[in-house]
Amino acid sequence: MSKAPRISLYFYKLSDFVAFCQGKHSASGKVKTPEVIYLPALPLIVSLSDKSSEITTFIDKTRQNNTKIIIALPYIMRGKAAEAFKKNYENLTKLSDGFLLGNIGDSEIIKELSEKTGTKLPKMHGDYSLNVTNRETAAYFSKSFESIALLPELDIEAQLALAGKFPQGLTAEICTGHNIIVMRSEHCFAAEKEGYHCGRCGKQGDLAPALSDIHGNIYPLVCNPLDCNCIMLAPRGKSEENPLRYEKNLPENVLLRFSII
Amino acid sequence: MKSFNDKKKVPELLAPAGSADALVAAVQNGADAVYLGLSTFNARASAENFTLDSLKKWLDYAHLRGAKIHITLNTLLYDDEIDKAVDLAKSADALGADAFIVQDLGLATRLAGNVKAELHASTQATVYNIEGMKKMRALGFQRAVLARELPLEEIAELSQSGIIDTEAFCHGALCMSYSGQCMLSKFTTGRSGNRGTCAQPCRLKYARARGTEPCKDDYKYILSPADLCSLEYMEKLVATGVSSLKIEGRLKSPEYAAAVTGVYRKIIDDPGSLAREDIEKLTVVFSRGGFCSGHQLGKMPLASVTEKTPGKTGLAAGVATDLPKKVNGPVSLYEIEVRPTITLKKGDGITFDAPPKRGSTPYDAEEKAGGVINVISKGTRPDTKKLTIAGKPPFFTGNNRGFYKTYDEELYTELRKCLAPDAELKKVPLTAYFSLKKGEQGVLTLTDNENRCVSALTQEKGVAAEGKSLDAKTAEEKLTAFGGTPFYIEEFSCHIEDGVFIGFSSLKALRREATEMMIQKRTEVSR
């Protein structure tokens with residue numbers, strides 16, 4: 001039984017990460033030293049090309065504080081997003097302690113890039129988009145990954161039960177429904193009839209206009225202007241389970257993820 | 001009918017079988033394979049589906065007519081379900097299932113190498129690049145159903161890579177999300193699309209909001225795209241080298257399965273034969289504001305999102321030029337003058353665009369208008385006709401209200417013919433060879449298009465003819481009467497000794513026995 005829960009923070013926006021590092025984010029007071037921080041690849045690539053950006057300073061300080069920085073591959077690893085990632089692979093490996101992979105083909109891409117660049121194979125972590133809902137699937141991914149995030153469609157108790165059956169050495173990451181990605185689309189929901197590349201989504205990774213349903217639920221969008229596609233996040237304000245309720249009974253191999261937007 | 005070798009050059013046509021009638025409709029209209037779910041672990045839990053008990057019957061039905069059956073085991077599985085899913089697969093495998101469509105990778109690891117049927121990675125496994133194909137091959141899959149978001153160029157790249165076979169959707173409903181990557185239904189309704197119970201929240205109304213405030217824009221169906229239809233660029237789709245073209249629609253009717261399979265069969269075999277009537281037929285049977293090419297011809301045009309209605313719209317048929325007038329009488333009838341853009345007839349079902357209700361958005365679904373029972377050729381204005389329609393008159397004001405044909409009695413009657421018990425629209429070609437000599441039993445050898453060969457003998461022996469001897473023409477007439485069976489004789493040849501005779505009842509019995517042998521041969525399971 002762990003004394004303090006192992007925590008990971010998943011940032012969709014670098015500005016939230018910077019605010020967290022500066023102690024200015026609402027999460028700053030609640031989580032002092034997360035074990036892992038996930039940062040999105042595409043906004044990071046844009047930021048690295050900006051000489052005035054201080055992002056590497058914040059990343060270095062975070063790693064010095066024993067928090068791992070893991071870079072989340074583009075939500076849809078195709079098109080210009082995939083090209084940008086591959087082109088910047090070496091820089092990203094230097095900045096990070098590993099990658100968060102979301103698609104079945106991603107580990108092959110990382111292996112091929114490592115071979116091509118002559119760099120050491122980085123540590124790989126599996127995201128919930130790999131749809132792990134049973135121990136056989138977990139066992140399959142355990143051959144390549146240090147950790148696997150379970151599908152948030154499972155409630156927390158089911159995720160904990162499954163985590164208890166994980167192969168030794170494999171971390172089970174448990175995500176609540178809060179701020180998770182509920183849809184990955186090749187379409188862009190922010191674009192209107194005038195067409196794609198409308199510029200409405202602003203800078204890479206910034207919060208785009210959200211969608212609302214007729215009940216008033218708000219679904220934040222995160223758009224990729226390179227390929228004009230987007231992801232939709234779970235509706236804001238929906239009540240959901242707090243995994244810290246299980247704090248006292250968390251197995252040692254469990255990492256609790258909180259997604260921040 | 002094209003020969004087997006010709007068929008090898010075109011992709012497999014894979015049709016949905018949500019029910020027994022849909023299976024029959026698809027096979028009878030030329031499907032090379034159908035996909036169906038059993039009572040559990042399939043992504044269309046609300047379809048009629050099939051049971052393990054009835055599966056053998058339908059495997060025989062399909063195999064006899066040259067079609068394969070792919071079984072969907074394409075939901076994500078929990079720990080306590082994996083063993084049950086494996087047992088189900090093994091039972092179906094023993095019965096002769098041709099393939100399993102699988103999403104759950106844990107299930108795949110248990111099935112690979114342990115079933116004779118092929119393993120196909122479901123579109124829910126989100127395969128969209130070469131690397132994904134390689135991982136699927138390593139897992140033991142023989143085919144990947146590609147993500148619907150791929151353009152023709154990428155379908156070609158993956159199909160021609162030689163890594164594993166590919167399958168692409170050619171017709172039917174599109175999802176806004178990459179398949180296997182949508183949790184919207186689970187998080188809004190509790191029903192998971194990854195578990196076969198998607199509540200289709202993408203077919204509801206949404207508005208674009210800013211930040212945390214709902215927008216005052218009209219709520220529209222902005223997550224609801226039109227259905228995919230690839231007929232107009234079928235040659236290009238076939239040229240990608242894709243192994244199989246999949247029609248979506250296990251929740252749709254048998255008439256849909258019949259219509260869509262029939263049209264795609266025709267166009268795949270002869271892309272130059274596409275006619276306007278083919279598209280119109282499919283538009284009436286099911287469409288949402290027309291069709292689109294999805295992402296296959298490049299990024300999906302924004303206009304493919306119909307916005308106006310998420311459901312069936314039918315074929316645009318013209319505009320109303322007057323207000324409906326109720327016809328007095330014991331049944332609900334009304335008359336209306338329209339300017340049609342298509343030919344209308346008795347038995348057609350039509351709907352009108354609904355007017356905006358007070359306080360609502362202009363985007364509302366059509367009102368159902370009922371069935372046309374009479375078409376008077378001339379209305380009071382040029383190019384107009386007067387219709388008498390059974391049903392409650394729709395409420396609207398003003399002219400130029402659009403209307404749509406959503407049903408065609410004549411068409412549906414035609415489509416249902418394939419469901420008659422003795423219907424055999426898709427016959428399997430056989431070659432037949434008959435030989436007869438005096439003092440020997442006659443031999444009839446049948447060979448199908450996959451080189452399965454059976455030979456049957458007559459009970460009696462050939463005898464010297466007392467009157468007219470058996471000639472080749474008469475032998476062919478008696479031995480090629482395969483009406484009421486799934487076969488037809490494409491080529492008949494014989495060697496009949498001069499002056500020999502055998503009774504016609506012997507020939508009839510011979511034909512029946514050979515037919516039974518061929519049926520058994522085509523339905524036997526090699527496991």
# chains A, B, ... in the order shown; residues from 1 in each chain; ligands from 1
$ interface_residues --of "chain B" --to "chain A" --cutoff "7 Å" --atoms "only C-alpha atoms" --output "PyMOL selection string"
chain B and resi 76-79+105-106+129+131-132+135+149+176-178+181-184+186+205-212+214+302-303
$ select_by_dssp --residues "stretch 403-516 of chain B" --states "alpha helix (DSSP H)" --output "list in words"
Glu409, Glu410, Leu411, Tyr412, Thr413, Glu414, Leu415, Arg416, Ala472, Lys473, Thr474, Ala475, Glu476, Glu477, Lys478, Leu479, Phe504, Ser505, Ser506, Leu507, Lys508, Ala509, Leu510, Arg511, Arg512, Glu513, Ala514, Thr515 and Glu516 of chain B
$ residues_around --residues "B:Thr413" --least-positions-apart "4" --cutoff "12 Å" --atoms "only C-alpha atoms" --output "mmCIF file with N, CA, C and O atoms, in the first residue's frame"
data_model
loop_
_atom_site.group_PDB
_atom_site.id
_atom_site.type_symbol
_atom_site.label_atom_id
_atom_site.label_comp_id
_atom_site.auth_asym_id
_atom_site.auth_seq_id
_atom_site.Cartn_x
_atom_site.Cartn_y
_atom_site.Cartn_z
ATOM 1 N N PRO B 254 -33.678 -5.255 -44.534
ATOM 2 C CA PRO B 254 -33.297 -6.188 -45.600
ATOM 3 C C PRO B 254 -33.413 -5.554 -46.979
ATOM 4 O O PRO B 254 -32.613 -5.849 -47.875
ATOM 5 N N GLU B 255 -34.399 -4.661 -47.147
ATOM 6 C CA GLU B 255 -34.546 -3.991 -48.450
ATOM 7 C C GLU B 255 -33.323 -3.112 -48.731
ATOM 8 O O GLU B 255 -32.864 -3.004 -49.869
ATOM 9 N N ALA B 258 -30.588 -5.412 -49.770
ATOM 10 C CA ALA B 258 -30.810 -5.868 -51.145
ATOM 11 C C ALA B 258 -30.431 -4.781 -52.144
ATOM 12 O O ALA B 258 -29.709 -5.026 -53.117
ATOM 13 N N ALA B 259 -30.928 -3.563 -51.887
ATOM 14 C CA ALA B 259 -30.709 -2.475 -52.848
ATOM 15 C C ALA B 259 -29.234 -2.110 -52.953
ATOM 16 O O ALA B 259 -28.658 -2.021 -54.048
ATOM 17 N N GLY B 347 -48.343 5.008 -54.483
ATOM 18 C CA GLY B 347 -47.522 4.128 -53.652
ATOM 19 C C GLY B 347 -46.233 4.764 -53.179
ATOM 20 O O GLY B 347 -45.544 4.214 -52.315
ATOM 21 N N ASP B 348 -45.893 5.926 -53.741
ATOM 22 C CA ASP B 348 -44.703 6.620 -53.253
ATOM 23 C C ASP B 348 -45.015 7.252 -51.906
ATOM 24 O O ASP B 348 -46.109 7.765 -51.692
ATOM 25 N N TYR B 407 -40.207 6.675 -49.941
ATOM 26 C CA TYR B 407 -40.646 5.284 -50.058
ATOM 27 C C TYR B 407 -41.156 5.087 -51.469
ATOM 28 O O TYR B 407 -41.711 5.993 -52.080
ATOM 29 N N ASP B 408 -40.964 3.880 -51.969
ATOM 30 C CA ASP B 408 -41.435 3.549 -53.312
ATOM 31 C C ASP B 408 -41.964 2.129 -53.266
ATOM 32 O O ASP B 408 -41.182 1.163 -53.176
ATOM 33 N N GLU B 409 -43.279 1.987 -53.306
ATOM 34 C CA GLU B 409 -43.909 0.672 -53.136
ATOM 35 C C GLU B 409 -43.431 -0.305 -54.199
ATOM 36 O O GLU B 409 -43.122 -1.466 -53.918
ATOM 37 N N LYS B 417 -38.439 -9.432 -53.512
ATOM 38 C CA LYS B 417 -38.574 -10.699 -54.267
ATOM 39 C C LYS B 417 -37.482 -11.688 -53.873
ATOM 40 O O LYS B 417 -37.693 -12.898 -53.871
ATOM 41 N N CYS B 418 -36.329 -11.165 -53.510
ATOM 42 C CA CYS B 418 -35.217 -12.057 -53.169
ATOM 43 C C CYS B 418 -35.462 -12.802 -51.864
ATOM 44 O O CYS B 418 -34.740 -13.746 -51.529
ATOM 45 N N LEU B 419 -36.482 -12.364 -51.109
ATOM 46 C CA LEU B 419 -36.763 -13.002 -49.826
ATOM 47 C C LEU B 419 -37.779 -14.143 -49.951
ATOM 48 O O LEU B 419 -38.059 -14.828 -48.974
ATOM 49 N N ALA B 420 -38.317 -14.342 -51.150
ATOM 50 C CA ALA B 420 -39.265 -15.453 -51.344
ATOM 51 C C ALA B 420 -38.519 -16.761 -51.100
ATOM 52 O O ALA B 420 -37.339 -16.875 -51.419
#
$ residues_around --residues "A:Met124" --least-positions-apart "3" --cutoff "7 Å" --atoms "only C-alpha atoms" --output "PyMOL selection string"
chain A and resi 98-101+144-146
$ select_by_dssp --residues "stretch 20-239 of chain A" --states "strand (DSSP E or B)" --output "PyMOL selection string"
chain A and resi 36-40+68-72+99-101+124-126+147-149+171-175+181-185+207-213+218-224+229-233
$ residues_around --residues "B:Ser243" --least-positions-apart "5" --cutoff "8 Å" --atoms "only C-alpha atoms" --output "PyMOL selection string"
chain B and resi 10-12+159+165-167
$ write_last_selection --atoms "N, CA and C atoms" --output "short mmCIF file (atom, residue, chain, number, x, y, z; two decimals), in the first residue's frame"
data_model
loop_
_atom_site.label_atom_id
_atom_site.label_comp_id
_atom_site.auth_asym_id
_atom_site.auth_seq_id
_atom_site.Cartn_x
_atom_site.Cartn_y
_atom_site.Cartn_z
N VAL B 10 -11.32 -7.97 -58.83
CA VAL B 10 -12.11 -6.96 -58.15
C VAL B 10 -12.19 -7.32 -56.67
N PRO B 11 -12.37 -6.29 -55.83
CA PRO B 11 -12.42 -6.58 -54.39
C PRO B 11 -13.67 -7.36 -54.02
N GLU B 12 -13.58 -7.98 -52.89
CA GLU B 12 -14.73 -8.66 -52.30
C GLU B 12 -15.79 -7.61 -51.96
N SER B 159 -2.97 -0.73 -48.94
CA SER B 159 -3.42 -1.94 -49.65
C SER B 159 -2.30 -2.55 -50.47
N ASP B 165 -4.02 -7.94 -45.84
CA ASP B 165 -5.13 -7.46 -46.68
C ASP B 165 -5.80 -6.26 -46.04
N THR B 166 -6.51 -5.52 -46.85
CA THR B 166 -7.22 -4.35 -46.35
C THR B 166 -8.69 -4.39 -46.72
N GLU B 167 -9.46 -3.69 -45.94
CA GLU B 167 -10.89 -3.60 -46.18
C GLU B 167 -11.26 -2.14 -45.95
#
$ closest_residue --among "A:Val254, A:Leu39, A:Leu48, A:Leu73" --to "A:Gln168" --atoms "only C-alpha atoms"
A:Val254
$ atom_distance --atom1 "atom CA of B:Met234" --atom2 "atom CA of B:Ile267"
7.4 Å
$ residues_around --residues "B:Arg44" --least-positions-apart "5" --cutoff "9 Å" --atoms "only C-alpha atoms" --output "list in words"
Gly18, Gly37, Asn49, Gly193, Arg195, Gly196, Thr197, Cys198, Arg250 and Leu251 of chain B
$ write_last_selection --atoms "C-alpha atoms" --output "short mmCIF file (atom, residue, chain, number, x, y, z; two decimals), in the first residue's frame"
data_model
loop_
_atom_site.label_atom_id
_atom_site.label_comp_id
_atom_site.auth_asym_id
_atom_site.auth_seq_id
_atom_site.Cartn_x
_atom_site.Cartn_y
_atom_site.Cartn_z
CA GLY B 18 -28.19 -7.63 -39.23
CA GLY B 37 -23.05 -10.63 -35.10
CA ASN B 49 -28.33 -10.82 -34.82
CA GLY B 193 -20.17 2.52 -28.41
CA ARG B 195 -19.52 -2.21 -26.14
CA GLY B 196 -22.12 -2.28 -28.88
CA THR B 197 -24.68 0.05 -27.34
CA CYS B 198 -23.89 3.42 -28.86
CA ARG B 250 -26.46 -3.99 -39.82
CA LEU B 251 -29.21 -1.90 -38.24
#
$ residues_around --residues "B:Ile69" --least-positions-apart "5" --cutoff "8 Å" --atoms "only C-alpha atoms" --output "PDB file with C-alpha atoms, in the first residue's frame"
ATOM      1  CA  ALA B  33     -19.344 -12.097 -48.091  1.00  0.00           C
ATOM      2  CA  VAL B  34     -21.587 -10.910 -45.306  1.00  0.00           C
ATOM      3  CA  TYR B  35     -20.776  -9.873 -41.765  1.00  0.00           C
ATOM      4  CA  LEU B  36     -23.013 -10.650 -38.854  1.00  0.00           C
ATOM      5  CA  LEU B  59     -23.076 -20.749 -43.040  1.00  0.00           C
ATOM      6  CA  ALA B  62     -23.972 -18.592 -47.734  1.00  0.00           C
ATOM      7  CA  ALA B  97     -16.990 -19.350 -39.956  1.00  0.00           C
ATOM      8  CA  ASP B  98     -14.702 -17.702 -42.471  1.00  0.00           C
ATOM      9  CA  ALA B  99     -13.413 -14.797 -40.385  1.00  0.00           C
TER      10      ALA B  99
END
$ atom_distance --atom1 "atom CA of B:Pro340" --atom2 "atom CA of B:Ala275"
20.3 Å
$ atom_distance --atom1 "atom CA of B:Ser253" --atom2 "atom CA of B:Ala22"
6.7 Å
$ closest_residue --among "A:Ala72, A:Ile148, A:Ile37, A:Cys223" --to "A:Phe17" --atoms "only C-alpha atoms"
A:Ile37
$ closest_residue --among "B:Gln441, B:Thr485, B:Ser526, B:Thr351" --to "B:Lys116" --atoms "only C-alpha atoms"
B:Ser526
